[in-house]
$ cat coords.txt   # compact mmCIF, C-alpha atoms and all ligand atoms
# COMPACT_ATOMS: atom_id res chain seq x y z
CA MET A 1 6.53 152.58 -44.30
CA GLY A 2 7.33 148.90 -44.59
CA VAL A 3 6.87 145.81 -42.48
CA ALA A 4 8.42 142.34 -42.63
CA VAL A 5 5.84 139.81 -43.81
CA ASN A 6 6.79 136.20 -44.53
CA GLY A 7 10.36 137.14 -45.48
CA ALA A 8 9.60 140.22 -47.58
CA ASP A 9 9.23 143.86 -46.59
CA LEU A 10 5.76 144.94 -47.69
CA GLU A 11 4.77 148.55 -48.28
CA TRP A 12 1.30 150.00 -48.27
CA ARG A 13 -0.64 153.24 -48.64
CA GLU A 14 -2.95 154.25 -45.85
CA ARG A 15 -5.57 156.99 -45.26
CA GLY A 16 -8.04 157.75 -42.49
CA SER A 17 -8.79 156.06 -39.19
CA GLY A 18 -11.54 153.84 -37.85
CA ASP A 19 -13.05 150.71 -39.41
CA ALA A 20 -10.67 149.02 -41.83
CA ILE A 21 -10.97 148.36 -45.53
CA LEU A 22 -8.15 146.52 -47.30
CA PHE A 23 -7.79 147.23 -51.02
CA ILE A 24 -6.04 144.48 -53.02
CA HIS A 25 -4.77 145.48 -56.44
CA GLY A 26 -5.08 143.54 -59.68
CA PHE A 27 -2.37 142.14 -61.95
CA PRO A 28 0.14 143.51 -62.82
CA PHE A 29 -0.56 146.78 -61.04
CA ASN A 30 0.14 148.16 -57.57
CA SER A 31 -1.46 150.11 -54.75
CA ALA A 32 -1.38 153.35 -56.78
CA MET A 33 -4.53 152.14 -58.54
CA TRP A 34 -6.51 152.75 -55.32
CA GLY A 35 -5.44 156.38 -54.77
CA ALA A 36 -8.84 157.88 -55.57
CA GLN A 37 -10.65 155.40 -53.30
CA LEU A 38 -8.33 156.01 -50.34
CA ALA A 39 -8.79 159.76 -50.76
CA THR A 40 -12.59 159.71 -50.60
CA LEU A 41 -13.50 157.11 -47.98
CA PRO A 42 -16.38 158.09 -45.68
CA PRO A 43 -15.44 159.50 -42.24
CA GLY A 44 -14.64 156.77 -39.73
CA TRP A 45 -12.89 154.51 -42.25
CA ARG A 46 -9.24 153.51 -42.46
CA GLY A 47 -8.16 152.50 -45.96
CA ILE A 48 -5.12 150.25 -46.43
CA ALA A 49 -3.77 149.48 -49.89
CA PRO A 50 -0.72 147.19 -49.86
CA ASP A 51 1.68 146.52 -52.68
CA LEU A 52 1.66 142.72 -53.01
CA ARG A 53 5.12 141.12 -52.75
CA GLY A 54 7.23 142.02 -55.78
CA PHE A 55 4.83 144.79 -56.86
CA GLY A 56 5.11 148.55 -56.33
CA ALA A 57 7.47 149.33 -53.47
CA SER A 58 7.26 145.90 -51.79
CA GLU A 59 10.17 143.48 -51.78
CA ALA A 60 10.06 140.33 -53.85
CA GLY A 61 11.18 137.88 -51.15
CA GLN A 62 12.36 134.38 -51.96
CA ARG A 63 9.78 132.31 -53.78
CA ASP A 64 9.57 130.79 -57.22
CA VAL A 65 5.86 131.18 -57.78
CA TYR A 66 3.58 133.84 -56.38
CA ASP A 67 0.46 131.80 -55.83
CA MET A 68 -2.82 133.10 -54.47
CA PRO A 69 -2.53 131.33 -51.09
CA ARG A 70 0.88 133.02 -50.57
CA PHE A 71 -0.51 136.48 -51.35
CA ALA A 72 -3.53 135.81 -49.11
CA ASP A 73 -1.33 134.71 -46.24
CA ASP A 74 0.77 137.87 -46.71
CA MET A 75 -2.41 139.93 -46.35
CA ILE A 76 -3.39 138.14 -43.13
CA VAL A 77 0.08 138.65 -41.63
CA LEU A 78 -0.02 142.31 -42.67
CA LEU A 79 -3.37 142.70 -40.89
CA ASP A 80 -1.79 141.12 -37.80
CA ARG A 81 1.13 143.54 -37.96
CA LEU A 82 -1.28 146.48 -38.30
CA GLY A 83 -3.39 145.27 -35.38
CA ILE A 84 -6.50 144.80 -37.53
CA GLU A 85 -8.69 141.95 -36.37
CA ARG A 86 -11.44 142.24 -38.97
CA THR A 87 -11.67 144.19 -42.19
CA VAL A 88 -13.71 144.79 -45.29
CA VAL A 89 -11.74 143.36 -48.23
CA CYS A 90 -12.04 145.01 -51.64
CA GLY A 91 -10.24 143.09 -54.39
CA LEU A 92 -10.12 143.77 -58.10
CA SER A 93 -9.61 140.85 -60.49
CA MET A 94 -6.53 139.06 -59.09
CA GLY A 95 -7.27 140.98 -55.89
CA GLY A 96 -10.59 139.10 -55.90
CA TYR A 97 -8.82 135.73 -56.31
CA ILE A 98 -6.79 136.67 -53.22
CA ALA A 99 -9.90 137.78 -51.33
CA PHE A 100 -11.47 134.33 -51.98
CA GLU A 101 -8.33 132.68 -50.55
CA MET A 102 -8.50 134.91 -47.48
CA TRP A 103 -12.13 133.91 -47.02
CA ARG A 104 -11.34 130.20 -47.52
CA HIS A 105 -8.75 130.14 -44.72
CA HIS A 106 -9.63 133.09 -42.47
CA PRO A 107 -13.33 133.96 -42.77
CA ASP A 108 -13.27 135.33 -39.24
CA ARG A 109 -10.98 138.16 -40.41
CA ILE A 110 -13.42 139.40 -43.06
CA ARG A 111 -16.31 141.69 -42.23
CA ALA A 112 -17.58 142.24 -45.79
CA LEU A 113 -16.36 141.80 -49.37
CA VAL A 114 -16.29 144.08 -52.38
CA LEU A 115 -15.54 141.94 -55.43
CA CYS A 116 -14.59 143.95 -58.52
CA ASP A 117 -14.23 142.52 -62.03
CA THR A 118 -13.20 139.10 -60.79
CA ARG A 119 -14.27 135.48 -61.05
CA ALA A 120 -14.35 132.42 -58.85
CA GLY A 121 -13.53 129.65 -61.32
CA THR A 122 -10.16 128.31 -62.46
CA ASP A 123 -8.40 128.88 -65.78
CA SER A 124 -9.20 126.59 -68.70
CA PRO A 125 -6.24 124.52 -69.99
CA ASP A 126 -5.96 126.96 -72.92
CA ALA A 127 -5.88 129.96 -70.59
CA GLN A 128 -3.22 128.24 -68.49
CA ARG A 129 -1.10 127.61 -71.58
CA ALA A 130 -1.51 131.23 -72.64
CA ARG A 131 -0.33 132.42 -69.22
CA ARG A 132 2.75 130.18 -69.35
CA HIS A 133 3.53 131.41 -72.83
CA LEU A 134 3.18 135.05 -71.73
CA ALA A 135 5.42 134.33 -68.72
CA GLU A 136 8.13 133.05 -71.08
CA ARG A 137 7.75 136.01 -73.40
CA VAL A 138 7.87 138.64 -70.66
CA THR A 139 10.97 136.99 -69.20
CA ALA A 140 12.69 137.07 -72.57
CA ASP A 141 11.42 140.35 -74.00
CA GLY A 142 10.24 142.55 -71.11
CA GLN A 143 7.12 144.26 -69.82
CA GLN A 144 6.09 145.83 -73.13
CA VAL A 145 4.88 142.39 -74.21
CA VAL A 146 2.35 142.47 -71.35
CA ILE A 147 1.35 146.07 -72.01
CA ASP A 148 0.67 145.19 -75.64
CA ALA A 149 -1.26 142.04 -74.69
CA MET A 150 -3.38 143.58 -71.93
CA LEU A 151 -3.93 147.28 -72.60
CA PRO A 152 -6.35 146.92 -75.53
CA LYS A 153 -8.59 144.73 -73.36
CA LEU A 154 -8.28 146.53 -70.03
CA LEU A 155 -10.12 149.76 -70.76
CA ALA A 156 -13.59 150.49 -72.11
CA PRO A 157 -13.81 152.00 -75.61
CA ALA A 158 -14.94 155.31 -74.06
CA THR A 159 -11.87 155.38 -71.80
CA ARG A 160 -9.51 154.55 -74.64
CA LYS A 161 -11.00 157.36 -76.72
CA ARG A 162 -11.11 160.12 -74.13
CA ARG A 163 -8.74 159.27 -71.29
CA SER A 164 -5.22 158.77 -72.60
CA ASP A 165 -4.06 159.73 -69.08
CA ILE A 166 -5.57 156.51 -67.72
CA ALA A 167 -3.94 154.40 -70.45
CA SER A 168 -0.58 156.03 -69.63
CA PHE A 169 -1.05 155.50 -65.89
CA VAL A 170 -1.90 151.81 -66.37
CA SER A 171 1.01 151.26 -68.78
CA ALA A 172 3.38 152.90 -66.29
CA MET A 173 2.21 150.59 -63.48
CA ILE A 174 2.85 147.56 -65.69
CA ALA A 175 6.24 148.90 -66.82
CA GLU A 176 7.28 149.38 -63.16
CA THR A 177 6.59 145.73 -62.33
CA SER A 178 9.63 143.50 -62.80
CA ARG A 179 9.61 140.76 -65.44
CA GLU A 180 10.25 138.23 -62.71
CA THR A 181 7.23 139.30 -60.65
CA ILE A 182 5.00 139.29 -63.72
CA ALA A 183 6.15 135.80 -64.73
CA ARG A 184 5.87 134.35 -61.22
CA THR A 185 2.39 135.79 -60.77
CA LEU A 186 1.16 134.57 -64.15
CA ILE A 187 2.07 131.04 -63.09
CA GLY A 188 0.46 131.62 -59.69
CA MET A 189 -2.81 132.68 -61.32
CA ALA A 190 -2.73 129.73 -63.73
CA ILE A 191 -2.65 127.26 -60.82
CA ARG A 192 -5.10 129.11 -58.57
CA PRO A 193 -7.59 126.94 -56.69
CA ASP A 194 -11.25 126.77 -57.66
CA SER A 195 -13.19 129.24 -55.52
CA GLU A 196 -16.65 128.35 -56.85
CA PRO A 197 -17.34 126.00 -53.88
CA VAL A 198 -16.35 128.83 -51.55
CA LEU A 199 -19.14 131.11 -52.74
CA ARG A 200 -21.95 129.39 -50.89
CA THR A 201 -19.99 129.61 -47.63
CA ILE A 202 -19.80 133.40 -47.73
CA ASP A 203 -22.14 134.83 -45.11
CA VAL A 204 -20.98 138.44 -44.83
CA PRO A 205 -22.33 141.39 -46.86
CA VAL A 206 -21.00 141.38 -50.43
CA LEU A 207 -21.04 144.05 -53.12
CA ILE A 208 -20.02 143.02 -56.64
CA LEU A 209 -18.87 145.87 -58.87
CA PHE A 210 -18.17 145.32 -62.56
CA GLY A 211 -17.39 147.68 -65.41
CA GLU A 212 -20.24 147.23 -67.87
CA ASP A 213 -17.81 147.04 -70.81
CA ASP A 214 -15.29 144.70 -69.16
CA VAL A 215 -14.16 142.03 -71.63
CA ILE A 216 -11.60 140.34 -69.36
CA THR A 217 -14.16 139.42 -66.72
CA ASN A 218 -17.58 139.99 -68.19
CA ARG A 219 -21.06 140.54 -66.81
CA GLY A 220 -21.62 136.76 -66.90
CA HIS A 221 -18.87 136.30 -64.30
CA GLY A 222 -20.49 138.98 -62.14
CA GLU A 223 -23.91 137.36 -62.43
CA MET A 224 -22.42 134.00 -61.50
CA LEU A 225 -20.93 135.52 -58.34
CA ALA A 226 -24.24 137.19 -57.50
CA ARG A 227 -26.10 133.88 -57.93
CA GLY A 228 -23.55 131.96 -55.87
CA ILE A 229 -23.26 134.29 -52.86
CA ARG A 230 -26.33 134.65 -50.68
CA GLY A 231 -27.58 138.24 -50.56
CA ALA A 232 -24.83 139.61 -52.83
CA ARG A 233 -25.67 142.59 -55.01
CA LEU A 234 -24.21 143.16 -58.48
CA GLU A 235 -23.79 146.71 -59.69
CA LEU A 236 -22.62 147.45 -63.23
CA ILE A 237 -20.67 150.65 -63.84
CA PRO A 238 -21.48 152.15 -67.25
CA GLY A 239 -18.62 153.41 -69.42
CA ALA A 240 -16.02 151.32 -67.60
CA GLY A 241 -14.00 148.27 -68.58
CA HIS A 242 -11.85 146.09 -66.34
CA LEU A 243 -10.71 148.99 -64.12
CA PRO A 244 -13.93 150.80 -63.11
CA ASN A 245 -12.31 152.44 -60.08
CA LEU A 246 -9.99 154.31 -62.46
CA GLU A 247 -12.31 154.71 -65.43
CA GLN A 248 -15.50 155.88 -63.68
CA THR A 249 -14.13 156.89 -60.33
CA GLU A 250 -17.15 158.86 -59.11
CA ASP A 251 -19.66 156.10 -59.82
CA PHE A 252 -17.36 153.49 -58.35
CA ASN A 253 -16.70 155.50 -55.18
CA HIS A 254 -20.39 156.27 -54.76
CA ALA A 255 -21.31 152.57 -54.87
CA LEU A 256 -18.42 151.60 -52.59
CA ASN A 257 -19.02 154.30 -50.01
CA GLN A 258 -22.79 153.70 -49.90
CA PHE A 259 -22.03 150.05 -49.20
CA LEU A 260 -19.56 150.91 -46.43
CA VAL A 261 -21.85 153.33 -44.60
CA GLY A 262 -24.72 150.83 -44.83
CA LEU A 263 -22.79 147.97 -43.20
CA PRO A 264 -24.10 146.71 -39.89
CA ARG A 265 -21.91 147.54 -36.94
CA ASP A 266 -19.10 145.04 -36.54
CA SER A 267 -19.74 143.34 -33.22
CA MET A 268 -16.43 141.42 -33.37
CA SER A 269 -14.35 144.56 -33.94
CA ALA A 270 -16.33 146.38 -31.28
CA ARG A 271 -15.53 143.55 -28.84
CA ALA A 272 -11.84 143.75 -29.79
CA ALA A 273 -11.85 147.53 -29.21
CA LEU A 274 -13.38 147.00 -25.75
CA ARG A 275 -10.61 144.54 -24.89
CA THR A 276 -7.80 147.01 -25.76
C1 LIG A 301 -6.16 141.31 -63.22
O1 LIG A 301 -6.59 142.42 -63.58
O2 LIG A 301 -5.81 141.13 -62.05
C2 LIG A 301 -6.02 140.22 -64.23
O3 LIG A 301 -6.79 140.50 -65.36
C3 LIG A 301 -6.37 138.87 -63.64
C4 LIG A 301 -6.18 137.76 -64.61
O4 LIG A 301 -5.35 137.86 -65.53
O5 LIG A 301 -6.85 136.71 -64.44
$ encode --input "coords.txt" --output "structure tokens"
Amino acid sequence: MGVAVNGADLEWRERGSGDAILFIHGFPFNSAMWGAQLATLPPGWRGIAPDLRGFGASEAGQRDVYDMPRFADDMIVLLDRLGIERTVVCGLSMGGYIAFEMWRHHPDRIRALVLCDTRAGTDSPDAQRARRHLAERVTADGQQVVIDAMLPKLLAPATRKRRSDIASFVSAMIAETSRETIARTLIGMAIRPDSEPVLRTIDVPVLILFGEDDVITNRGHGEMLARGIRGARLELIPGAGHLPNLEQTEDFNHALNQFLVGLPRDSMSARAALRT
């Protein structure tokens, strides 16, 4: 499966039928990270997990920098191609940065948000420098540089101790991502717009899910999102780091699925269905 989106063929995984939920992966992973969520969605839900341009099976297209507005626009065009008017958006970390961009420009397309281990603010100048440095190193020396830099921080101590399969899975996703995509995306994240002012404009249901032991985006970032978004609920997942959907899959899926089944009926989607 693949569809032309803004000059690149994008691929995605899909399960189920009914109301849509779009899963946006983090950096530098791909749609495979959402396999266990797609497989256990409640009845009546259609899960869509794209590979962002350059990641997984999607084409890279022609662009120097993969910035968050570009990824967000790709997601909107993909929704158009799939005939989805409104969707729940679930984004993890960079996936959250992209979800904020989607909200900023197309709030009418979003029915609810699930924000996982992400943050709304920009990078500090030091963090921007570190990203540029990593981009240079990965270009020169390859993906192992990124695996070495990220893996120790990505997973909770409990995961690192007992789940070598998860560490291998995550390393493999990073190794599969081209140096060029990693470098372009690092620069794109470094220049991402400030989404803090966007928070107070969000008026759809929001669930915030964070691994309790996440050190990349910590509980403070989650609390800041919960304070900034009216009615948002923060849930911490014990025994998980930056990737709670992989590390504590059952707890993550339980929280996600409870949220989905509790959503009010989508009057806009219902109207669209009546029109077709
Ligand atoms: C991610 O998981 O997407 C990254 O940690 C995001 C980032 O580096 O800011």
$ residues_near_point --input "coords.txt" --point "(3.6, 147.0, -65.9)" --cutoff "6 Å" --atoms "all atoms listed in the file" --output "ChimeraX atom specification"
/A:28,143,171-177
$ axis_aligned_box --input "coords.txt" --around "ligand LIG 301 (chain A)" --padding-each-side "6 Å" --output "JSON"
{"center_x": -6.1, "center_y": 139.6, "center_z": -63.8, "size_x": 13.5, "size_y": 17.7, "size_z": 15.5}
$ residues_near_ligand --input "coords.txt" --ligand "ligand LIG 301 (chain A)" --cutoff "9 Å" --atoms "only C-alpha atoms and all ligand atoms" --output "list in words"
His25, Gly26, Phe27, Pro28, Phe29, Leu92, Ser93, Met94, Gly95, Gly96, Tyr97, Asp117, Thr118, Arg119, Asp123, Arg131, Met150, Leu154, Leu186, Met189, Ala190, Ile216, Thr217, His242 and Leu243 of chain A
$ closest_residue --input "coords.txt" --among "A:Val114, A:Leu225, A:Ala39, A:Ala156" --to "A:Phe23" --atoms "only C-alpha atoms"
A:Val114
$ atom_distance --input "coords.txt" --atom1 "atom CA of A:Phe169" --atom2 "atom CA of A:Leu155"
11.8 Å
$ atom_distance --input "coords.txt" --atom1 "atom CA of A:Met224" --atom2 "atom CA of A:Glu196"
9.3 Å
$ decode --input "coords.txt" --residues "stretch 144-155 of chain A" --atoms "all heavy atoms" --output "PDB file, in the first residue's frame"
ATOM      1  N   GLN A 144      24.711   4.019  13.994  1.00  0.00           N
ATOM      2  CA  GLN A 144      25.114   3.515  15.309  1.00  0.00           C
ATOM      3  C   GLN A 144      25.372   4.665  16.296  1.00  0.00           C
ATOM      4  O   GLN A 144      25.136   4.534  17.504  1.00  0.00           O
ATOM      5  CB  GLN A 144      26.377   2.640  15.160  1.00  0.00           C
ATOM      6  CG  GLN A 144      26.734   1.845  16.418  1.00  0.00           C
ATOM      7  CD  GLN A 144      25.624   0.866  16.840  1.00  0.00           C
ATOM      8  OE1 GLN A 144      25.037   0.193  16.007  1.00  0.00           O
ATOM      9  NE2 GLN A 144      25.324   0.817  18.152  1.00  0.00           N
ATOM     10  N   VAL A 145      25.789   5.795  15.750  1.00  0.00           N
ATOM     11  CA  VAL A 145      26.026   6.975  16.592  1.00  0.00           C
ATOM     12  C   VAL A 145      24.724   7.359  17.317  1.00  0.00           C
ATOM     13  O   VAL A 145      24.725   7.710  18.499  1.00  0.00           O
ATOM     14  CB  VAL A 145      26.489   8.144  15.687  1.00  0.00           C
ATOM     15  CG1 VAL A 145      26.461   9.461  16.401  1.00  0.00           C
ATOM     16  CG2 VAL A 145      27.847   7.868  15.102  1.00  0.00           C
ATOM     17  N   VAL A 146      23.620   7.282  16.592  1.00  0.00           N
ATOM     18  CA  VAL A 146      22.318   7.664  17.170  1.00  0.00           C
ATOM     19  C   VAL A 146      21.836   6.585  18.141  1.00  0.00           C
ATOM     20  O   VAL A 146      21.301   6.884  19.211  1.00  0.00           O
ATOM     21  CB  VAL A 146      21.276   7.893  16.046  1.00  0.00           C
ATOM     22  CG1 VAL A 146      19.934   8.271  16.609  1.00  0.00           C
ATOM     23  CG2 VAL A 146      21.783   8.977  15.112  1.00  0.00           C
ATOM     24  N   ILE A 147      22.055   5.329  17.774  1.00  0.00           N
ATOM     25  CA  ILE A 147      21.677   4.242  18.687  1.00  0.00           C
ATOM     26  C   ILE A 147      22.431   4.419  20.006  1.00  0.00           C
ATOM     27  O   ILE A 147      21.843   4.369  21.086  1.00  0.00           O
ATOM     28  CB  ILE A 147      21.974   2.863  18.048  1.00  0.00           C
ATOM     29  CG1 ILE A 147      21.112   2.679  16.794  1.00  0.00           C
ATOM     30  CG2 ILE A 147      21.743   1.735  19.053  1.00  0.00           C
ATOM     31  CD1 ILE A 147      21.409   1.432  15.980  1.00  0.00           C
ATOM     32  N   ASP A 148      23.716   4.681  19.920  1.00  0.00           N
ATOM     33  CA  ASP A 148      24.518   4.830  21.140  1.00  0.00           C
ATOM     34  C   ASP A 148      24.084   6.047  21.952  1.00  0.00           C
ATOM     35  O   ASP A 148      24.071   6.019  23.180  1.00  0.00           O
ATOM     36  CB  ASP A 148      26.016   4.966  20.797  1.00  0.00           C
ATOM     37  CG  ASP A 148      26.568   3.682  20.198  1.00  0.00           C
ATOM     38  OD1 ASP A 148      25.910   2.626  20.341  1.00  0.00           O
ATOM     39  OD2 ASP A 148      27.644   3.742  19.563  1.00  0.00           O
ATOM     40  N   ALA A 149      23.704   7.120  21.243  1.00  0.00           N
ATOM     41  CA  ALA A 149      23.318   8.350  21.957  1.00  0.00           C
ATOM     42  C   ALA A 149      21.937   8.199  22.592  1.00  0.00           C
ATOM     43  O   ALA A 149      21.694   8.702  23.693  1.00  0.00           O
ATOM     44  CB  ALA A 149      23.319   9.538  20.994  1.00  0.00           C
ATOM     45  N   MET A 150      21.025   7.510  21.910  1.00  0.00           N
ATOM     46  CA  MET A 150      19.631   7.518  22.380  1.00  0.00           C
ATOM     47  C   MET A 150      19.253   6.322  23.250  1.00  0.00           C
ATOM     48  O   MET A 150      18.479   6.455  24.198  1.00  0.00           O
ATOM     49  CB  MET A 150      18.664   7.585  21.181  1.00  0.00           C
ATOM     50  CG  MET A 150      18.639   8.946  20.506  1.00  0.00           C
ATOM     51  SD  MET A 150      17.338   9.076  19.250  1.00  0.00           S
ATOM     52  CE  MET A 150      15.849   9.251  20.238  1.00  0.00           C
ATOM     53  N   LEU A 151      19.744   5.133  22.900  1.00  0.00           N
ATOM     54  CA  LEU A 151      19.215   3.924  23.544  1.00  0.00           C
ATOM     55  C   LEU A 151      19.307   3.951  25.076  1.00  0.00           C
ATOM     56  O   LEU A 151      18.326   3.589  25.752  1.00  0.00           O
ATOM     57  CB  LEU A 151      19.899   2.673  22.977  1.00  0.00           C
ATOM     58  CG  LEU A 151      19.108   1.386  23.179  1.00  0.00           C
ATOM     59  CD1 LEU A 151      17.727   1.446  22.548  1.00  0.00           C
ATOM     60  CD2 LEU A 151      19.889   0.201  22.627  1.00  0.00           C
ATOM     61  N   PRO A 152      20.411   4.404  25.652  1.00  0.00           N
ATOM     62  CA  PRO A 152      20.475   4.383  27.116  1.00  0.00           C
ATOM     63  C   PRO A 152      19.393   5.247  27.768  1.00  0.00           C
ATOM     64  O   PRO A 152      18.995   4.994  28.896  1.00  0.00           O
ATOM     65  CB  PRO A 152      21.863   4.946  27.431  1.00  0.00           C
ATOM     66  CG  PRO A 152      22.635   4.847  26.158  1.00  0.00           C
ATOM     67  CD  PRO A 152      21.643   4.914  25.039  1.00  0.00           C
ATOM     68  N   LYS A 153      18.913   6.258  27.031  1.00  0.00           N
ATOM     69  CA  LYS A 153      17.911   7.163  27.622  1.00  0.00           C
ATOM     70  C   LYS A 153      16.479   6.767  27.268  1.00  0.00           C
ATOM     71  O   LYS A 153      15.528   7.211  27.911  1.00  0.00           O
ATOM     72  CB  LYS A 153      18.157   8.601  27.127  1.00  0.00           C
ATOM     73  CG  LYS A 153      19.425   9.212  27.719  1.00  0.00           C
ATOM     74  CD  LYS A 153      19.575  10.657  27.316  1.00  0.00           C
ATOM     75  CE  LYS A 153      20.321  10.754  26.001  1.00  0.00           C
ATOM     76  NZ  LYS A 153      20.450  12.060  25.449  1.00  0.00           N
ATOM     77  N   LEU A 154      16.305   5.958  26.235  1.00  0.00           N
ATOM     78  CA  LEU A 154      14.952   5.707  25.733  1.00  0.00           C
ATOM     79  C   LEU A 154      14.122   4.818  26.649  1.00  0.00           C
ATOM     80  O   LEU A 154      12.913   5.005  26.776  1.00  0.00           O
ATOM     81  CB  LEU A 154      15.026   5.033  24.353  1.00  0.00           C
ATOM     82  CG  LEU A 154      15.236   5.952  23.159  1.00  0.00           C
ATOM     83  CD1 LEU A 154      15.541   5.122  21.922  1.00  0.00           C
ATOM     84  CD2 LEU A 154      14.001   6.814  22.912  1.00  0.00           C
ATOM     85  N   LEU A 155      14.777   3.821  27.254  1.00  0.00           N
ATOM     86  CA  LEU A 155      14.014   2.794  27.955  1.00  0.00           C
ATOM     87  C   LEU A 155      14.195   2.902  29.461  1.00  0.00           C
ATOM     88  O   LEU A 155      15.261   3.298  29.949  1.00  0.00           O
ATOM     89  CB  LEU A 155      14.464   1.412  27.471  1.00  0.00           C
ATOM     90  CG  LEU A 155      14.371   1.201  25.945  1.00  0.00           C
ATOM     91  CD1 LEU A 155      14.973  -0.137  25.553  1.00  0.00           C
ATOM     92  CD2 LEU A 155      12.927   1.311  25.468  1.00  0.00           C
TER      93      LEU A 155
END
